[in-house]
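Structure first, commentary second.
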Amino acid sequence: MGSAIPSSNEHADSSLNDTSTSTINVDPSEVEKFNKLAGEWWSHTGAFATLHEINPLRLNWIEENVKRGYQSKDTAKNTEAPQGLNKTAETGLKGKKVLDVGCGGGILSESMARRGADVTGIDLGTENLKAAALHAEQSGLVNTLRYQHIPVEDLAKTHAGQFDVVTCMEMLEHVPNPSSIVQACFELLAPGGVCVLSTINRNPKSYLFAIVGAEYVLRLLDRGTHDYAKFITPAELDKMAINTGFTRQDIIGLHYNPLTKRYWLAQNVDVNYMIAVQKPVA
């Protein structure tokens, strides 16, 4: 088992350990789909161009919610501690121990490391991880960013409560059992930690925009990237999170105008959306 998280001074690619488990929550065809595109992760005009375009939006929203979550945690602590003793909220991602679940080629992982976080990215696509580790080394981030090949459920068995922030972006709609992923994210967080999840709503509009529009008309994504049946409504994801013990924090929709080629965040969550939840302090 490759369950040990490498120390921050190890090279990123030294953590590409194989792992085995009797009940891996993965669709092999989904892993292979992204493995075949591994060489395009860091091309701003390739298959993952959309992720590069939306990354600043989601990165800022993640950090805003980390600050908000830790503000509430600090407030709770300060009722029993001297005023101003706990100021972890003000630093945002800086200094936080972050886990990026389903990190792919590391686009989000790297951006969080650049904000000062100590980041571990995990994925089941070995080629994706090789691309991520190579780019991290080229970017000089090997001291604060490392990658590992391991199911999140297995990591939760050995590293429960060891992360301040957990992100899981554009992954839940690609696995057989998304609720198992959410449960593992909860277990991996320390009390008061913040989890940010993103996925795609399931309704006629999301089918039109996320599959017909994005994959066939605008060709923002390769055909077959998404399976409509695996889309998750906000109510379903909210129920998964609450059932694990999370408390609600925020939800936002991600939008795109194909005429102006502009992305923005807004309250409408009909298609792509992100939610932020928090593990209670006690």
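Going through the structure tokens in order, the chains are called A, B, and so on, while each chain numbers its residues from 1 and the ligands are numbered from 1 in the order shown.
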
Subject >> All residues 8 Å or closer to stretch 184-198 of chain A, only C-alpha atoms, same chain fewer than 6 positions away omitted, as number ranges by chain >> reply: A: 62, 65-66, 69-70, 73, 152-153, 155-156, 159-172, 244-246, 272-282

**OP:** Write out as a PyMOL selection string the residues lying within 7 Å of A:Val175, counting only C-alpha atoms and excluding same-chain residues fewer than 6 positions away.
**Re:** chain A and resi 25-27

Original post:
What lies within 8 Å of stretch 42-58 of chain A using only C-alpha atoms, ignoring chain neighbours under 3 positions off, as a list of chain:residue names?
Top reply: A:Leu37, A:Gly39, A:Trp61, A:Ile62, A:Gly105, A:Ile107, A:Leu108, A:Leu220, A:Leu221, A:Asp222, A:Tyr263, A:Trp264, A:Leu265

Original post:
Could you pull out the alpha helix (DSSP H) residues of stretch 106-233 of chain A from DSSP and send them as a PyMOL selection string?
Top reply: chain A and resi 107-114+126-138+152-158+178-188+204-206

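Here the question is which of A:Ile242, A:Val31, A:Ala117, A:Val98 gets nearest to A:His149 using only C-alpha atoms, and that residue is A:Val31.
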